[in-house]
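Asks: Contents are compact mmCIF, C-alpha atoms; file name target.txt:
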# COMPACT_ATOMS: atom_id res chain seq x y z
CA MET A 98 -59.68 21.00 -89.50
CA PRO A 99 -60.43 23.67 -92.15
CA ALA A 100 -58.34 26.83 -92.18
CA VAL A 101 -59.78 29.85 -90.46
CA LYS A 102 -60.60 32.76 -92.73
CA LEU A 103 -59.77 36.24 -91.49
CA CYS A 104 -62.93 38.28 -91.20
CA TYR A 105 -61.30 41.73 -91.33
CA PRO A 106 -59.15 42.55 -94.37
CA THR A 107 -58.63 45.95 -92.73
CA LEU A 108 -59.28 47.19 -89.23
CA PRO A 109 -62.21 49.46 -88.46
CA ARG A 110 -61.39 53.16 -88.38
CA VAL A 111 -63.75 53.89 -85.52
CA VAL A 112 -63.29 51.93 -82.31
CA GLN A 113 -66.52 51.28 -80.44
CA LYS A 114 -66.71 51.64 -76.70
CA LEU A 115 -67.34 48.56 -74.57
CA ARG A 116 -68.95 48.34 -71.18
CA LEU A 117 -66.32 48.32 -68.46
CA LEU A 118 -68.02 46.20 -65.80
CA LYS A 119 -67.57 42.76 -67.28
CA ILE A 120 -65.03 40.82 -69.28
CA TYR A 121 -66.68 39.08 -72.20
CA PRO A 122 -65.18 36.11 -74.03
CA CYS A 123 -65.74 36.19 -77.79
CA PRO A 124 -68.99 34.22 -78.24
CA ASN A 125 -68.55 33.37 -81.92
CA VAL A 126 -65.31 31.43 -81.47
CA SER A 127 -65.86 27.72 -81.95
CA SER A 128 -62.18 26.79 -82.05
CA VAL A 129 -59.24 28.99 -81.24
CA HIS A 130 -56.46 29.59 -83.76
CA LEU A 131 -55.27 33.01 -82.57
CA CYS A 132 -56.97 34.64 -85.54
CA SER A 133 -59.43 37.48 -86.00
CA TYR A 134 -63.13 36.74 -85.58
CA ASN A 135 -66.30 38.79 -85.86
CA HIS A 136 -67.00 40.42 -82.55
CA PRO A 137 -70.59 41.64 -82.15
CA GLN A 138 -69.56 44.51 -79.85
CA GLY A 139 -66.66 45.78 -81.98
CA TYR A 140 -63.08 46.15 -80.85
CA THR A 141 -61.89 47.38 -77.51
CA THR A 142 -58.69 49.40 -77.39
CA ILE A 143 -55.78 48.38 -75.20
CA LYS A 144 -56.37 51.53 -73.16
CA GLU A 145 -59.97 50.45 -72.50
CA ALA A 146 -58.72 46.98 -71.53
CA ARG A 147 -56.46 48.62 -68.95
CA GLU A 148 -59.40 50.56 -67.50
CA LYS A 149 -61.48 47.37 -67.34
CA LEU A 150 -58.75 45.72 -65.31
CA LYS A 151 -58.74 48.59 -62.83
CA ASP A 152 -62.46 48.13 -62.25
CA LEU A 153 -62.22 44.35 -62.01
CA VAL A 154 -59.35 44.37 -59.54
CA GLY A 155 -60.59 47.39 -57.60
CA ALA A 156 -57.32 49.18 -58.26
CA GLN A 157 -56.44 52.49 -56.67
CA LYS A 158 -57.16 54.98 -59.46
CA ILE A 159 -55.89 58.02 -57.57
CA TRP A 160 -52.67 57.62 -55.58
CA GLY A 161 -53.29 57.94 -51.84
CA THR A 162 -56.99 57.03 -51.95
CA GLN A 163 -58.54 53.89 -50.48
CA THR A 164 -59.30 50.93 -52.73
CA GLU A 165 -62.66 49.18 -52.70
CA VAL A 166 -62.80 45.95 -50.70
CA SER A 167 -66.53 45.20 -50.71
CA GLY A 168 -68.14 42.81 -53.15
CA ARG A 169 -65.04 40.65 -53.45
CA PRO A 170 -65.81 36.90 -53.54
CA GLN A 171 -63.89 34.37 -51.50
CA ILE A 172 -60.87 32.63 -53.00
CA SER A 173 -61.42 28.98 -53.86
CA PHE A 174 -59.11 26.72 -51.87
CA THR A 175 -58.75 24.03 -54.56
CA GLN A 176 -58.78 23.92 -58.33
CA GLU A 177 -61.67 21.46 -58.23
CA ASP A 178 -63.90 24.21 -56.83
CA LEU A 179 -63.50 26.21 -60.05
CA PRO A 180 -65.24 25.57 -63.37
CA THR A 181 -63.08 24.18 -66.16
CA ARG A 182 -62.39 26.59 -69.01
CA THR A 183 -61.70 26.14 -72.70
CA MET A 184 -59.36 28.20 -74.87
CA LYS A 185 -62.22 30.05 -76.50
CA ASP A 186 -63.38 31.24 -73.06
CA SER A 187 -60.29 33.41 -72.70
CA TYR A 188 -59.93 34.46 -76.34
CA GLN A 189 -59.72 38.24 -76.61
CA GLU A 190 -59.10 40.90 -79.25
CA ALA A 191 -57.92 44.45 -78.74
CA VAL A 192 -56.67 47.27 -80.93
CA ILE A 193 -53.74 49.64 -80.64
CA PRO A 194 -55.34 52.49 -82.66
CA LEU A 195 -52.29 53.93 -84.39
CA GLY A 196 -54.17 54.72 -87.60
CA SER A 197 -57.54 55.72 -86.21
CA ASN A 198 -56.27 57.80 -83.27
CA PRO A 199 -53.53 60.39 -84.02
CA THR A 200 -53.10 61.15 -80.31
CA THR A 201 -52.27 57.52 -79.60
CA ARG A 202 -49.92 57.39 -82.58
CA GLU A 203 -47.97 60.34 -81.15
CA LYS A 204 -47.11 58.27 -78.07
CA TYR A 205 -45.90 55.29 -80.09
CA ILE A 206 -43.97 56.82 -82.99
CA ASN A 207 -40.16 57.07 -82.89
CA PHE A 208 -37.71 59.37 -84.67
CA TYR A 209 -37.37 56.90 -87.56
CA ASP A 210 -41.13 57.22 -88.22
CA GLY A 211 -41.41 53.69 -86.89
CA ILE A 212 -42.83 52.34 -83.64
CA ARG A 213 -41.40 52.48 -80.15
CA PHE A 214 -41.23 48.76 -79.41
CA GLY A 215 -41.07 49.46 -75.69
CA ARG A 216 -44.67 50.69 -75.89
CA ILE A 217 -45.64 47.39 -77.52
CA LEU A 218 -44.05 45.53 -74.60
CA GLU A 219 -46.19 47.54 -72.19
CA ASP A 220 -49.34 46.69 -74.14
CA LEU A 221 -48.46 42.99 -74.33
CA ASP A 222 -48.08 42.89 -70.57
CA THR A 223 -51.47 44.57 -70.08
CA PHE A 224 -53.13 42.29 -72.62
CA ALA A 225 -51.68 39.15 -71.01
CA VAL A 226 -53.15 40.16 -67.65
CA PHE A 227 -56.47 41.00 -69.33
CA ILE A 228 -56.63 37.54 -70.95
CA SER A 229 -55.69 35.83 -67.69
CA TYR A 230 -58.54 37.50 -65.81
CA THR A 231 -60.90 36.49 -68.62
CA HIS A 232 -59.89 32.88 -67.94
CA THR A 233 -60.39 33.17 -64.18
CA THR A 234 -63.38 35.54 -63.96
CA HIS A 235 -66.55 34.11 -62.42
CA ASP A 236 -69.67 33.49 -64.48
CA ASP A 237 -71.90 36.40 -65.49
CA GLU A 238 -74.05 36.37 -62.37
CA THR A 239 -71.03 37.24 -60.22
CA SER A 240 -68.76 38.98 -62.72
CA ASP A 241 -69.63 42.48 -61.49
CA HIS A 242 -67.72 41.66 -58.30
CA LYS A 243 -64.04 42.31 -57.87
CA SER A 244 -61.70 39.48 -58.66
CA PRO A 245 -60.64 37.58 -55.53
CA ILE A 246 -57.14 36.87 -56.87
CA ALA A 247 -54.17 38.90 -58.06
CA ILE A 248 -52.58 37.90 -61.39
CA VAL A 249 -49.07 39.08 -62.18
CA THR A 250 -46.48 38.41 -64.87
CA ALA A 251 -43.89 35.86 -63.78
CA LEU A 252 -41.99 35.42 -67.04
CA VAL A 253 -41.87 36.60 -70.62
CA ASP A 254 -40.97 33.27 -72.18
CA ARG A 255 -40.35 34.41 -75.75
CA ILE A 256 -41.31 37.11 -78.22
CA GLU A 257 -40.47 36.42 -81.87
CA LEU A 258 -40.72 39.29 -84.34
CA GLU A 259 -41.15 39.07 -88.09
CA GLU A 260 -38.69 40.79 -90.44
CA HIS A 261 -41.11 43.40 -91.78
CA PRO A 262 -41.46 46.63 -89.78
CA ILE A 263 -44.49 47.76 -87.81
CA ALA A 264 -46.24 50.59 -89.66
CA ALA A 265 -46.91 53.70 -87.57
CA ASP A 266 -50.05 54.77 -89.44
CA LYS A 267 -52.16 51.59 -89.23
CA ASP A 268 -54.06 50.04 -86.34
CA ILE A 269 -52.57 46.94 -84.72
CA LEU A 270 -54.85 44.01 -83.92
CA MET A 271 -53.96 42.08 -80.78
CA THR A 272 -55.35 38.56 -80.32
CA GLY A 273 -54.63 36.00 -77.66
CA HIS A 274 -55.85 33.41 -75.18
CA VAL A 275 -54.67 31.02 -72.50
CA THR A 276 -52.85 28.06 -74.09
CA TRP A 277 -51.85 26.18 -70.93
CA ALA A 278 -52.89 26.16 -67.26
CA GLY A 279 -51.23 24.63 -64.24
CA SER A 280 -52.44 24.71 -60.65
CA SER A 281 -51.69 28.43 -60.12
CA SER A 282 -50.01 29.52 -63.35
CA LEU A 283 -51.10 30.24 -66.91
CA GLU A 284 -49.37 30.47 -70.26
CA VAL A 285 -50.84 33.20 -72.45
CA THR A 286 -50.03 33.27 -76.17
CA MET A 287 -50.63 36.45 -78.12
CA LYS A 288 -50.21 37.57 -81.71
CA LEU A 289 -50.10 41.02 -83.23
CA ARG A 290 -51.30 41.69 -86.78
CA GLN A 291 -51.51 44.69 -89.05
CA GLU A 292 -53.14 45.33 -92.42
CA TYR A 293 -50.78 45.12 -95.39
CA GLU A 294 -51.92 45.27 -99.03
CA GLY A 295 -55.48 44.20 -98.22
CA SER A 296 -54.74 41.35 -95.81
CA MET A 297 -53.64 40.91 -92.21
CA ARG A 298 -49.92 40.30 -91.74
CA GLN A 299 -48.46 38.90 -88.54
CA LEU A 300 -46.01 41.14 -86.68
CA LEU A 301 -45.01 38.99 -83.72
CA GLU A 302 -45.94 36.11 -81.42
CA ALA A 303 -45.46 36.33 -77.66
CA ARG A 304 -45.73 33.89 -74.76
CA PHE A 305 -46.18 35.16 -71.20
CA VAL A 306 -46.33 33.06 -68.04
CA MET A 307 -48.73 34.49 -65.44
CA VAL A 308 -49.15 33.48 -61.80
CA SER A 309 -52.14 33.79 -59.47
CA ARG A 310 -51.68 35.08 -55.94
CA ASN A 311 -53.84 35.50 -52.85
CA PRO A 312 -53.72 39.29 -52.36
CA VAL A 313 -53.90 38.88 -48.57
CA THR A 314 -51.38 36.10 -47.90
CA GLN A 315 -49.31 36.62 -51.10
CA LYS A 316 -49.28 32.84 -51.53
CA SER A 317 -50.29 31.04 -54.70
CA ALA A 318 -53.99 30.80 -55.51
CA PRO A 319 -55.63 28.17 -57.75
CA VAL A 320 -56.72 28.99 -61.31
CA ASN A 321 -59.33 27.31 -63.49
CA LYS A 322 -58.27 24.15 -65.30
CA LEU A 323 -57.97 24.33 -69.09
CA GLN A 324 -59.64 21.72 -71.30
CA PRO A 325 -58.38 21.72 -74.92
CA VAL A 326 -60.97 20.98 -77.61
CA GLY A 327 -59.84 19.42 -80.88
CA PRO A 328 -56.39 18.53 -82.26
CA GLU A 329 -55.23 22.14 -82.75
CA GLU A 330 -55.89 23.06 -79.15
CA GLU A 331 -54.37 19.76 -77.96
CA LYS A 332 -51.22 20.74 -79.86
CA LEU A 333 -51.13 24.18 -78.23
CA PHE A 334 -51.68 22.67 -74.77
CA LYS A 335 -48.90 20.09 -75.24
CA LEU A 336 -46.59 22.86 -76.42
CA GLY A 337 -47.33 24.67 -73.16
CA GLU A 338 -46.37 21.53 -71.22
CA THR A 339 -43.17 21.25 -73.26
CA ASN A 340 -42.32 24.88 -72.57
CA LYS A 341 -42.77 24.32 -68.84
CA VAL A 342 -40.41 21.32 -68.85
CA LYS A 343 -37.92 23.25 -70.94
CA ARG A 344 -37.92 26.13 -68.47
CA GLN A 345 -37.35 23.73 -65.58
CA LEU A 346 -34.39 22.09 -67.35
CA GLU A 347 -32.88 25.46 -68.22
CA GLY A 348 -33.24 26.52 -64.59
CA GLU A 349 -31.33 23.43 -63.48
CA ARG A 350 -28.46 23.92 -65.95
CA THR A 351 -28.00 27.65 -65.41
CA LEU A 352 -24.37 28.73 -65.20
CA LEU A 353 -25.09 30.10 -61.73
CA LYS A 354 -25.54 26.49 -60.57
CA THR A 355 -23.64 24.19 -62.93
CA ALA A 356 -20.35 24.30 -64.82
CA PRO A 357 -20.25 24.94 -68.58
CA SER A 358 -20.36 21.95 -70.89
CA GLU A 359 -17.18 20.54 -72.43
CA GLU A 360 -17.96 22.26 -75.72
CA GLU A 361 -18.50 25.58 -73.94
CA ARG A 362 -15.24 25.25 -72.00
CA GLU A 363 -13.35 24.60 -75.21
CA LEU A 364 -14.94 27.69 -76.78
CA ILE A 365 -13.89 29.93 -73.87
CA HIS A 366 -10.33 28.58 -73.98
CA LYS A 367 -10.18 29.17 -77.74
CA LEU A 368 -11.33 32.77 -77.27
CA PHE A 369 -8.70 33.20 -74.55
CA LEU A 370 -5.91 31.96 -76.81
CA GLN A 371 -7.03 34.29 -79.60
CA THR A 372 -6.48 37.29 -77.32
CA LEU A 373 -2.98 36.41 -76.09
CA ASP A 374 0.06 38.33 -77.33
CA SER A 375 2.10 35.61 -79.04
CA SER A 376 5.28 37.67 -78.77
CA THR A 377 5.31 37.64 -74.96
CA ALA A 378 4.74 33.97 -74.13
CA SER A 379 2.61 35.16 -71.20
CA PHE A 380 -0.93 34.53 -70.07
CA ARG A 381 -1.22 38.06 -68.69
CA VAL A 382 -0.74 40.15 -71.81
CA ARG A 383 -3.99 40.37 -73.75
CA VAL A 384 -4.53 41.93 -77.15
CA LYS A 385 -7.78 42.75 -78.91
CA PRO A 386 -8.12 41.22 -82.40
CA ASP A 387 -9.30 43.35 -85.32
CA ASN A 388 -13.00 44.22 -85.49
CA SER A 389 -13.60 43.25 -81.87
CA GLU A 390 -14.33 44.89 -78.54
CA TRP A 391 -13.78 43.91 -74.92
CA MET A 392 -17.02 43.12 -73.15
CA GLU A 393 -16.08 45.36 -70.24
CA LYS A 394 -16.16 48.36 -72.59
CA THR A 395 -19.78 47.75 -73.64
CA LEU A 396 -21.43 48.59 -70.31
CA LEU A 397 -24.12 51.27 -70.33
CA LYS A 398 -26.22 52.13 -67.26
CA ASN A 399 -29.04 54.40 -66.17
CA LEU A 400 -31.00 55.15 -63.03
CA THR A 401 -34.74 55.58 -62.58
CA ILE A 402 -36.75 56.79 -59.59
CA CYS A 403 -40.01 54.82 -59.51
CA PHE A 404 -42.94 57.20 -59.08
CA PRO A 405 -46.65 56.33 -58.47
CA GLU A 406 -47.42 57.19 -62.11
CA GLN A 407 -45.74 53.92 -63.17
CA ARG A 408 -47.62 51.69 -60.70
CA ASN A 409 -49.63 48.64 -61.73
CA LEU A 410 -52.99 47.36 -60.50
CA TYR A 411 -51.48 46.35 -57.14
CA ASN A 412 -49.46 49.52 -56.44
CA LYS A 413 -46.17 47.97 -57.53
CA ILE A 414 -44.20 49.25 -60.51
CA PHE A 415 -45.79 48.06 -63.78
CA GLY A 416 -43.81 45.21 -65.35
CA GLY A 417 -44.43 46.58 -68.83
CA TYR A 418 -42.82 49.87 -67.79
CA LEU A 419 -39.73 47.99 -66.58
CA MET A 420 -39.55 46.14 -69.90
CA ARG A 421 -39.83 49.39 -71.84
CA LYS A 422 -37.06 51.08 -69.85
CA ALA A 423 -34.81 48.03 -70.19
CA PHE A 424 -35.47 47.75 -73.92
CA GLU A 425 -34.75 51.41 -74.59
CA LEU A 426 -31.46 51.17 -72.70
CA ALA A 427 -30.51 47.98 -74.57
CA TRP A 428 -31.41 49.57 -77.93
CA THR A 429 -29.30 52.65 -77.16
CA ASN A 430 -26.34 50.52 -76.16
CA ALA A 431 -26.70 48.36 -79.27
CA ALA A 432 -26.88 51.43 -81.52
CA MET A 433 -23.73 52.89 -79.93
CA TYR A 434 -21.92 49.56 -80.27
CA CYS A 435 -22.67 48.87 -83.92
CA LYS A 436 -22.88 52.58 -84.90
CA THR A 437 -26.06 52.07 -86.90
CA ARG A 438 -29.75 51.47 -86.30
CA PRO A 439 -30.38 48.06 -84.68
CA TYR A 440 -33.66 46.22 -85.21
CA VAL A 441 -35.12 44.10 -82.43
CA LYS A 442 -35.44 40.46 -83.47
CA ALA A 443 -36.42 38.61 -80.29
CA VAL A 444 -37.10 39.06 -76.59
CA ASP A 445 -36.19 36.07 -74.46
CA ASP A 446 -36.66 34.87 -70.91
CA ILE A 447 -37.52 37.98 -68.91
CA LEU A 448 -37.88 36.73 -65.35
CA PHE A 449 -39.65 38.85 -62.74
CA MET A 450 -37.86 37.80 -59.54
CA LYS A 451 -39.42 40.28 -57.13
CA PRO A 452 -41.77 43.27 -57.36
CA VAL A 453 -40.40 46.80 -57.58
CA GLU A 454 -41.94 49.07 -54.98
CA VAL A 455 -43.11 52.61 -55.65
CA GLY A 456 -40.36 54.94 -54.46
CA SER A 457 -37.55 52.51 -55.33
CA VAL A 458 -34.32 53.61 -56.96
CA LEU A 459 -33.92 51.33 -59.97
CA PHE A 460 -30.52 50.69 -61.55
CA LEU A 461 -30.42 49.24 -65.07
CA SER A 462 -27.14 47.92 -66.48
CA SER A 463 -26.94 46.87 -70.14
CA GLN A 464 -24.12 45.03 -71.85
CA VAL A 465 -23.30 43.34 -75.15
CA VAL A 466 -22.81 39.71 -74.16
CA TYR A 467 -22.67 37.87 -77.50
CA THR A 468 -22.34 38.68 -81.20
CA TYR A 469 -22.86 36.63 -84.33
CA GLY A 470 -22.55 38.13 -87.81
CA SER A 471 -24.82 41.18 -87.99
CA GLN A 472 -26.62 40.24 -84.76
CA LEU A 473 -25.90 41.02 -81.14
CA GLN A 474 -27.32 39.76 -77.86
CA MET A 475 -27.96 42.32 -75.14
CA LYS A 476 -28.48 41.66 -71.44
CA VAL A 477 -29.99 44.19 -69.05
CA HIS A 478 -29.68 43.60 -65.32
CA ALA A 479 -32.16 45.40 -63.07
CA GLU A 480 -31.72 45.95 -59.36
CA VAL A 481 -33.32 48.11 -56.72
CA VAL A 482 -31.25 50.03 -54.22
CA ASN A 483 -32.19 50.77 -50.62
CA VAL A 484 -31.07 54.38 -50.17
CA VAL A 485 -30.89 53.97 -46.39
CA ASP A 486 -28.37 51.12 -46.15
CA CYS A 487 -27.28 50.99 -49.85
CA THR A 488 -28.18 47.30 -50.17
CA ARG A 489 -29.12 46.01 -53.61
CA ALA A 490 -31.51 43.29 -54.80
CA THR A 491 -31.89 41.93 -58.32
CA THR A 492 -35.42 42.22 -59.70
CA ASN A 493 -35.07 41.28 -63.38
CA ASN A 494 -32.77 40.05 -66.12
CA PHE A 495 -33.74 41.05 -69.66
CA TYR A 496 -32.45 39.53 -72.91
CA PHE A 497 -32.88 41.24 -76.29
CA THR A 498 -31.59 40.15 -79.69
CA PHE A 499 -30.87 42.87 -82.27
CA ASP A 500 -29.89 42.75 -85.93
CA THR A 501 -28.34 45.53 -88.01
CA ARG A 502 -29.68 43.91 -91.22
CA LYS A 503 -26.44 44.78 -92.97
CA ASP A 504 -23.95 42.62 -94.84
CA GLN A 505 -21.12 43.80 -92.59
CA ASP A 506 -20.55 41.96 -89.29
CA VAL A 507 -20.74 43.87 -86.04
CA PRO A 508 -17.53 43.99 -83.94
CA ARG A 509 -17.04 40.73 -82.10
CA VAL A 510 -17.46 41.07 -78.36
CA LEU A 511 -14.82 39.25 -76.30
CA PRO A 512 -14.70 38.40 -72.59
CA LYS A 513 -11.63 39.03 -70.44
CA SER A 514 -12.49 37.64 -67.02
CA TYR A 515 -14.11 34.36 -66.02
CA ALA A 516 -17.30 36.22 -65.01
CA GLU A 517 -17.48 37.80 -68.47
CA SER A 518 -16.91 34.38 -70.03
CA MET A 519 -19.99 33.14 -68.18
CA LEU A 520 -21.94 36.17 -69.46
CA TYR A 521 -20.75 35.30 -72.97
CA LEU A 522 -21.94 31.69 -72.70
CA ASP A 523 -25.22 32.77 -71.11
CA GLY A 524 -25.78 35.23 -73.95
CA LYS A 525 -24.96 32.56 -76.52
CA ARG A 526 -27.51 30.19 -74.96
CA HIS A 527 -30.26 32.81 -75.11
CA PHE A 528 -29.30 33.76 -78.66
CA GLN A 529 -29.62 30.15 -79.79
CA SER A 530 -32.77 29.31 -77.80
For this file, write the structure as structure tokens.

Replies:
Amino acid sequence: MPAVKLCYPTLPRVVQKLRLLKIYPCPNVSSVHLCSYNHPQGYTTIKEAREKLKDLVGAQKIWGTQTEVSGRPQISFTQEDLPTRTMKDSYQEAVIPLGSNPTTREKYINFYDGIRFGRILEDLDTFAVFISYTHTTHDDETSDHKSPIAIVTALVDRIELEEHPIAADKDILMTGHVTWAGSSSLEVTMKLRQEYEGSMRQLLEARFVMVSRNPVTQKSAPVNKLQPVGPEEEKLFKLGETNKVKRQLEGERTLLKTAPSEEERELIHKLFLQTLDSSTASFRVRVKPDNSEWMEKTLLKNLTICFPEQRNLYNKIFGGYLMRKAFELAWTNAAMYCKTRPYVKAVDDILFMKPVEVGSVLFLSSQVVYTYGSQLQMKVHAEVVNVVDCTRATTNNFYFTFDTRKDQDVPRVLPKSYAESMLYLDGKRHFQS
């Protein structure tokens, strides 16, 4: 299959407005390669995509007002009742107008004159939902109706970032489409690009797993089947199947269910021996080797009250907001640990276990769980607290990999207890995944 030529060496400086009542697939896409194509209506911004979703879902735009319930079609009971889709049907493009909109840039820029990556996480979450609804939206004659299903983020499978930084003064092009579909779940793959020296350079690739729910019963709802066209799409679809199997295997071998492997047990025992005081001949006296730190000393926490401003389309707290708060805490902890600026390298396996309600008290706990050379693996644990009875429930676990990009190694993090040893092995697994 011939290579796809990028149609935009640079992004347009003026972003055209799109109609908000319908979601349009890109009509000129004959085969999907996650690249930029001519779009006859121009680019939509990620902010406009968010407003489209509100109209499509019938979201509550003003807190405390009633949402619209009329004009909503019935949910199909089986997947066979829904038309089969192709990858080009869900292909979408959007722009984060950093260069063409100074007001937008002000919200994204950080104190290094770079980009707040937490904002990018929010936009990726919005874009993944936008693409998912494009896949499941009815044909044009019914597309002015509200969507009968609710689509939410179940998992951020993986986000891989390139080494080069994201420029704060140039628009970012977002492209993506559905690459795999199950009975009630979708895998959405997205790429971000930015102009560099006259051509488009990739910034990152992200995979999100979305699930469809019946908004009344909260049970799973069927989504349209996906039919790949051509060898490239077949490859993407098979990769989605492989990712699903991989996630299932990882869920079965989690350290919360199964014991560490023989190799992992030997590693933990070796670390234990390295921290014993050889002069005491005792298992109780522990010493910290040079250029190392106890894991228990790396804990950094914060607390957030979840207000209506941070709600999503379904009046729960927006998953992208949770990712941004977790990332910013992890970045701060990493910077304090290595005493220099850390650069995010990867985001791995963010699982959304339960929704966070408006009005919740959210506790975020970050910790350095693994180090290797100039890189460190951060874990952020999120839980909501019931202020009446003080009970807690885990909502998310976040994993971020950072790199100092320096020749000097960061201090080696070392576990003391068995629980910390499991955190160390869990961090190592995510670092190597």

Asks: How many Å separate atom CA of Pro319 of chain A from atom CA of Ser282 of chain A?

Replies: 8.0 Å

Asks: Let me make sure I understand: among A:Ser514, A:Thr231, A:Thr250, A:Thr491, which one has the smallest atom-to-atom distance to Phe415 of chain A if we use all atoms listed in the file?

Replies: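 Smallest distance to Phe415 of chain A is found for A:Thr250.
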
Asks: Have a look at A:Arg344, A:Lys451, A:Ala479, A:Val465 and name the one nearest to Leu400 of chain A; count all atoms listed in the file.

Replies: A:Ala479

Asks: Between atom CA of Tyr521 of chain A and atom CA of Met392 of chain A, what is the spacing in Å?

Replies: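 The value is 8.7 Å.
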
Asks: Choose the residue, out of A:Leu397, A:Val326, A:Arg255, A:Phe224, that has the smallest atom-to-atom separation from Phe528 of chain A; count all atoms listed in the file.

Replies: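 Of the candidates, the smallest distance to Phe528 of chain A is held by A:Arg255.
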
Asks: So, with all atoms listed in the file as the atoms that count, which of A:Ala318, A:Ala490, A:Leu346, A:Val306 lies closest to Leu461 of chain A?

Replies: A:Ala490

Asks: For the atom pair atom CA of Ala264 of chain A and atom CA of Gly470 of chain A, what is the interatomic distance in Å to one decimal place?

Replies: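 Between atom CA of Ala264 of chain A and atom CA of Gly470 of chain A the gap is 26.8 Å.
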
Asks: When distances are computed from only C-alpha atoms, which of A:Leu289, A:Leu459, A:Leu300, A:Val510 shows the smallest separation from Arg489 of chain A?

Replies: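 Checking each of A:Leu289, A:Leu459, A:Leu300, A:Val510 against Arg489 of chain A, counting only C-alpha atoms, the winner is A:Leu459.
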
Asks: From the block you just saw, export segment 373-387 of chain A: N, CA and C atoms, as a PDB file, in the first residue's frame.

Replies:
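To be explicit, this is the file written out as part-v5.pdb:
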ATOM      1  N   LEU A 373      21.353  -4.672  54.658  1.00  0.00           N
ATOM      2  CA  LEU A 373      21.660  -5.152  56.003  1.00  0.00           C
ATOM      3  C   LEU A 373      22.988  -4.589  56.481  1.00  0.00           C
ATOM      4  N   ASP A 374      23.087  -4.345  57.792  1.00  0.00           N
ATOM      5  CA  ASP A 374      24.339  -3.899  58.394  1.00  0.00           C
ATOM      6  C   ASP A 374      25.188  -5.130  58.674  1.00  0.00           C
ATOM      7  N   SER A 375      26.249  -5.312  57.898  1.00  0.00           N
ATOM      8  CA  SER A 375      27.076  -6.516  58.005  1.00  0.00           C
ATOM      9  C   SER A 375      27.777  -6.633  59.354  1.00  0.00           C
ATOM     10  N   SER A 376      27.894  -5.538  60.073  1.00  0.00           N
ATOM     11  CA  SER A 376      28.613  -5.580  61.349  1.00  0.00           C
ATOM     12  C   SER A 376      27.758  -6.092  62.496  1.00  0.00           C
ATOM     13  N   THR A 377      26.450  -6.229  62.271  1.00  0.00           N
ATOM     14  CA  THR A 377      25.564  -6.629  63.366  1.00  0.00           C
ATOM     15  C   THR A 377      25.116  -8.074  63.293  1.00  0.00           C
ATOM     16  N   ALA A 378      25.245  -8.703  62.153  1.00  0.00           N
ATOM     17  CA  ALA A 378      24.765 -10.082  61.966  1.00  0.00           C
ATOM     18  C   ALA A 378      23.300 -10.203  62.379  1.00  0.00           C
ATOM     19  N   SER A 379      22.494  -9.200  61.987  1.00  0.00           N
ATOM     20  CA  SER A 379      21.081  -9.175  62.349  1.00  0.00           C
ATOM     21  C   SER A 379      20.252  -8.823  61.128  1.00  0.00           C
ATOM     22  N   PHE A 380      19.046  -9.399  61.099  1.00  0.00           N
ATOM     23  CA  PHE A 380      18.117  -9.069  60.018  1.00  0.00           C
ATOM     24  C   PHE A 380      17.358  -7.774  60.283  1.00  0.00           C
ATOM     25  N   ARG A 381      17.446  -7.253  61.491  1.00  0.00           N
ATOM     26  CA  ARG A 381      16.633  -6.110  61.873  1.00  0.00           C
ATOM     27  C   ARG A 381      17.297  -4.768  61.593  1.00  0.00           C
ATOM     28  N   VAL A 382      18.603  -4.741  61.575  1.00  0.00           N
ATOM     29  CA  VAL A 382      19.313  -3.477  61.386  1.00  0.00           C
ATOM     30  C   VAL A 382      19.513  -3.228  59.898  1.00  0.00           C
ATOM     31  N   ARG A 383      18.902  -2.168  59.408  1.00  0.00           N
ATOM     32  CA  ARG A 383      18.955  -1.849  57.981  1.00  0.00           C
ATOM     33  C   ARG A 383      19.764  -0.569  57.780  1.00  0.00           C
ATOM     34  N   VAL A 384      20.531  -0.542  56.734  1.00  0.00           N
ATOM     35  CA  VAL A 384      21.299   0.651  56.380  1.00  0.00           C
ATOM     36  C   VAL A 384      21.017   1.010  54.931  1.00  0.00           C
ATOM     37  N   LYS A 385      21.039   2.299  54.651  1.00  0.00           N
ATOM     38  CA  LYS A 385      20.755   2.776  53.298  1.00  0.00           C
ATOM     39  C   LYS A 385      22.058   2.936  52.529  1.00  0.00           C
ATOM     40  N   PRO A 386      22.240   2.242  51.410  1.00  0.00           N
ATOM     41  CA  PRO A 386      23.456   2.402  50.612  1.00  0.00           C
ATOM     42  C   PRO A 386      23.592   3.819  50.062  1.00  0.00           C
ATOM     43  N   ASP A 387      24.764   4.156  49.582  1.00  0.00           N
ATOM     44  CA  ASP A 387      24.998   5.475  48.997  1.00  0.00           C
ATOM     45  C   ASP A 387      24.116   5.687  47.775  1.00  0.00           C
TER      46      ASP A 387
END
